[in-house]
Amino acid sequence: MRLPVRRAGRRPKVGRNEWSDVHEHDDHGASEGLPGDGRNLFRIFPAPDGVPNTMIRRTTTPAPLPADTDDGLLASVPLLALDRQQAVLGDAIRAAIGRVCDSGRFVLGPDVTELEVELAQALGVPHAISCASGSDALLLALMALGIGAGDEVVLPSYTFFATASAVTRLGAVPIFADIDPVTYLVDPADVQRKISKRCRAIVPVHLFGRTADMDALLPIASAAGVPIVEDAAQSILSTWHGRCSGGLGDVGCFSFYPTKNLGGAGDGGFLTTTRDDVAKSLRLLRVHGMEPRYYHELIGINSRLDTIQAAVLRVKLPHLDAWTSARQENASRYASLFAEYGLDGHVAVPGDEPRGRHVWNQFVIRITDGRRDALRAHLAQRGVGTEIYYPVPLHLQKCFSHLGWAEGDLPETERAARETLALPIFPELRPEEQRTVVARIAEFCGTARRTSTPDARTAQPTVPGTLPAPHFLRRAVGKADDVRC
């Protein structure tokens, strides 16, 4: 299904003086970002002199970036640059906010209703229910399914904290499963092993924009008689055999945190479901279980999406498919660059998903031999933004120590936490910036650029015992599955 087209409005004039010196954002992950103490901040660097603060449009060619260093590479590359998106859509966003302010309908106003309709159409599901955050989406989903004290919920440990905290807030017990070392997604075989008579739900995380192996997980859930709650916070528009994530299990949970592929101007989230009974419960639970006003059928929470957030998201939603295709192009370009610089023996790069659309919320590489942190420090010195998702697996977090997990219990999860590093992958990332990122990695690894490169689609990784051959993008770049969502 094609997304509705909305005009962005006149492009604002943007100059270098409109870049802030340093933008800081808290750690964000499979569900959303939360305020922190500053230890997990990543920095988004200011634009180099002369760099136009604009988004790459699919019908135009941006002006070339100047070489800021003696080796012809750029002086800095940001992990994320939300201001490039804002430069294109700023007028339309400000107009949308102004309309909401003029209306005075700030909570669950008309834009919220319209956004829910548009999201349901885009994802091919009958119900989309907005809420206040991705964390609340997970909590509401479990509440609607009746998860409570003593129940067990199987989920990966390699994910953002909210996936497990939603379980524990209801008095239930998270049962952590290990991951596949290639995809970093929850391992269905370990999920099967972790199911007991007390299991009441499975929560696969569509991590980094790639859909979990639903071919394996759905039969497991069916045999156990438990629902599947999809943590799809990083994977809006990802697909599995032509069907969008969020419509594969019983409930899908999404985040509108600003760094997500479809990010708002603050916190926000939504849920999807194909079940009418679950949709009815979700709509009640997000407003204290109230219907009609001041009459409460059940005990819910206050988790409503602000109308201003919905208005901003309605401006962005029509651009999401093109932004996603740009992420796919960037992933394909990375594959070629890593091969060009002879890094296949030093770095394991992520592959594409042949059974569906990978939307590349993150581009996460693996560095073995204990050199990940040294590489990250090197890239920081060269002005390249990176992040670690996630340095401490959930089963080893202090707050879950009472559950009795220990180091060595989930070996693939723990290895990924030691060896993985996320590189810039946002839609407006320019080819010159990607070349700088890869060249800086090659500088660290001591490899040279090749005059001829192997085919990125067939090249074999040479990191011993880690990843099989990456698939990369097999469809034409910019194309979705046979079902456009």
# chains A, B, ... in the order shown; residues from 1 in each chain; ligands from 1
>>> select_by_dssp(residues="segment 282-433 of chain A", states="helix (DSSP H, G or I)", output="PyMOL selection string")
chain A and resi 282-285+307-340+372-381+394-396+398-403+411-419+431-433
>>> closest_residue(among="A:Glu419, A:Asp190, A:Gly247, A:Glu152", to="Arg275 of chain A", atoms="only C-alpha atoms")
A:Gly247
>>> closest_residue(among="A:Gly385, A:Gly242, A:Pro411, A:Pro292", to="Glu433 of chain A", atoms="only C-alpha atoms")
A:Gly385
>>> residues_around(residues="Thr420 of chain A", least_positions_apart="6", cutoff="10 Å", atoms="only C-alpha atoms", output="PyMOL selection string")
chain A and resi 184+347-349+363-368+372-373+387-391
>>> residues_around(residues="His296 of chain A", least_positions_apart="5", cutoff="12 Å", atoms="only C-alpha atoms", output="ChimeraX atom specification")
/A:284-291,301
>>> write_last_selection(atoms="C-alpha atoms", output="CSV table (one decimal), in the first residue's frame")
chain,number,residue,atom,x,y,z
A,284,LEU,CA,-9.7,1.5,27.2
A,285,LEU,CA,-6.5,0.8,29.0
A,286,ARG,CA,-4.7,3.9,27.6
A,287,VAL,CA,-7.4,6.2,29.2
A,288,HIS,CA,-7.6,4.7,32.7
A,289,GLY,CA,-10.1,2.1,31.5
A,290,MET,CA,-12.7,4.9,31.1
A,291,GLU,CA,-15.7,4.7,28.8
A,301,ILE,CA,-3.1,3.9,32.8
>>> select_by_dssp(residues="segment 195-314 of chain A", states="strand (DSSP E)", output="ChimeraX atom specification")
/A:199-202,229-231,239-240,243-244,251-255,269-273
>>> write_last_selection(atoms="N, CA and C atoms", output="PDB file, in the first residue's frame")
ATOM      1  N   CYS A 199       4.591 -20.083  31.123  1.00  0.00           N
ATOM      2  CA  CYS A 199       4.760 -19.090  30.050  1.00  0.00           C
ATOM      3  C   CYS A 199       3.396 -18.605  29.582  1.00  0.00           C
ATOM      4  N   ARG A 200       3.267 -17.276  29.450  1.00  0.00           N
ATOM      5  CA  ARG A 200       2.004 -16.680  29.020  1.00  0.00           C
ATOM      6  C   ARG A 200       2.154 -15.805  27.781  1.00  0.00           C
ATOM      7  N   ALA A 201       3.396 -15.577  27.318  1.00  0.00           N
ATOM      8  CA  ALA A 201       3.589 -14.762  26.107  1.00  0.00           C
ATOM      9  C   ALA A 201       5.033 -14.875  25.640  1.00  0.00           C
ATOM     10  N   ILE A 202       5.237 -14.608  24.351  1.00  0.00           N
ATOM     11  CA  ILE A 202       6.565 -14.507  23.752  1.00  0.00           C
ATOM     12  C   ILE A 202       6.686 -13.109  23.154  1.00  0.00           C
ATOM     13  N   VAL A 229       3.754 -10.929  21.238  1.00  0.00           N
ATOM     14  CA  VAL A 229       3.793  -9.464  21.263  1.00  0.00           C
ATOM     15  C   VAL A 229       5.052  -9.039  20.518  1.00  0.00           C
ATOM     16  N   GLU A 230       4.895  -8.384  19.393  1.00  0.00           N
ATOM     17  CA  GLU A 230       6.044  -7.952  18.603  1.00  0.00           C
ATOM     18  C   GLU A 230       6.584  -6.620  19.122  1.00  0.00           C
ATOM     19  N   ASP A 231       7.829  -6.600  19.568  1.00  0.00           N
ATOM     20  CA  ASP A 231       8.495  -5.326  19.852  1.00  0.00           C
ATOM     21  C   ASP A 231       9.051  -4.828  18.524  1.00  0.00           C
ATOM     22  N   THR A 239       9.068  -5.945   6.741  1.00  0.00           N
ATOM     23  CA  THR A 239       8.077  -6.939   6.345  1.00  0.00           C
ATOM     24  C   THR A 239       8.621  -8.351   6.509  1.00  0.00           C
ATOM     25  N   TRP A 240       7.698  -9.295   6.469  1.00  0.00           N
ATOM     26  CA  TRP A 240       8.014 -10.711   6.512  1.00  0.00           C
ATOM     27  C   TRP A 240       7.096 -11.402   5.509  1.00  0.00           C
ATOM     28  N   ARG A 243       4.208  -9.120   4.525  1.00  0.00           N
ATOM     29  CA  ARG A 243       3.339  -8.569   5.568  1.00  0.00           C
ATOM     30  C   ARG A 243       4.171  -7.719   6.517  1.00  0.00           C
ATOM     31  N   CYS A 244       3.626  -6.579   6.909  1.00  0.00           N
ATOM     32  CA  CYS A 244       4.374  -5.657   7.751  1.00  0.00           C
ATOM     33  C   CYS A 244       4.494  -6.166   9.180  1.00  0.00           C
ATOM     34  N   VAL A 251      -0.132  -8.647  18.939  1.00  0.00           N
ATOM     35  CA  VAL A 251      -0.027  -7.194  19.133  1.00  0.00           C
ATOM     36  C   VAL A 251       1.353  -6.754  18.659  1.00  0.00           C
ATOM     37  N   GLY A 252       1.426  -5.573  18.031  1.00  0.00           N
ATOM     38  CA  GLY A 252       2.697  -4.962  17.671  1.00  0.00           C
ATOM     39  C   GLY A 252       2.899  -3.680  18.446  1.00  0.00           C
ATOM     40  N   CYS A 253       4.131  -3.423  18.881  1.00  0.00           N
ATOM     41  CA  CYS A 253       4.442  -2.247  19.704  1.00  0.00           C
ATOM     42  C   CYS A 253       5.509  -1.403  19.002  1.00  0.00           C
ATOM     43  N   PHE A 254       5.218  -0.126  18.829  1.00  0.00           N
ATOM     44  CA  PHE A 254       6.086   0.780  18.084  1.00  0.00           C
ATOM     45  C   PHE A 254       6.420   2.018  18.921  1.00  0.00           C
ATOM     46  N   SER A 255       7.519   2.649  18.568  1.00  0.00           N
ATOM     47  CA  SER A 255       7.969   3.871  19.243  1.00  0.00           C
ATOM     48  C   SER A 255       8.099   5.013  18.245  1.00  0.00           C
ATOM     49  N   GLY A 269       4.182   6.650  20.950  1.00  0.00           N
ATOM     50  CA  GLY A 269       4.204   5.275  20.493  1.00  0.00           C
ATOM     51  C   GLY A 269       2.836   4.873  19.979  1.00  0.00           C
ATOM     52  N   PHE A 270       2.756   3.643  19.475  1.00  0.00           N
ATOM     53  CA  PHE A 270       1.448   3.115  19.073  1.00  0.00           C
ATOM     54  C   PHE A 270       1.500   1.597  19.035  1.00  0.00           C
ATOM     55  N   LEU A 271       0.313   1.003  18.996  1.00  0.00           N
ATOM     56  CA  LEU A 271       0.180  -0.447  18.940  1.00  0.00           C
ATOM     57  C   LEU A 271      -0.656  -0.823  17.736  1.00  0.00           C
ATOM     58  N   THR A 272      -0.418  -2.031  17.220  1.00  0.00           N
ATOM     59  CA  THR A 272      -1.221  -2.558  16.134  1.00  0.00           C
ATOM     60  C   THR A 272      -1.742  -3.932  16.538  1.00  0.00           C
ATOM     61  N   THR A 273      -2.893  -4.301  16.004  1.00  0.00           N
ATOM     62  CA  THR A 273      -3.425  -5.627  16.244  1.00  0.00           C
ATOM     63  C   THR A 273      -4.448  -5.969  15.175  1.00  0.00           C
TER      64      THR A 273
END
>>> residues_around(residues="Val278 of chain A", least_positions_apart="5", cutoff="9 Å", atoms="only C-alpha atoms", output="MDAnalysis selection string")
chainID A and resid 141 144:145 250:251 273 283
>>> residues_around(residues="Ala406 of chain A", least_positions_apart="4", cutoff="9 Å", atoms="only C-alpha atoms", output="PyMOL selection string")
chain A and resi 395-396+401+410
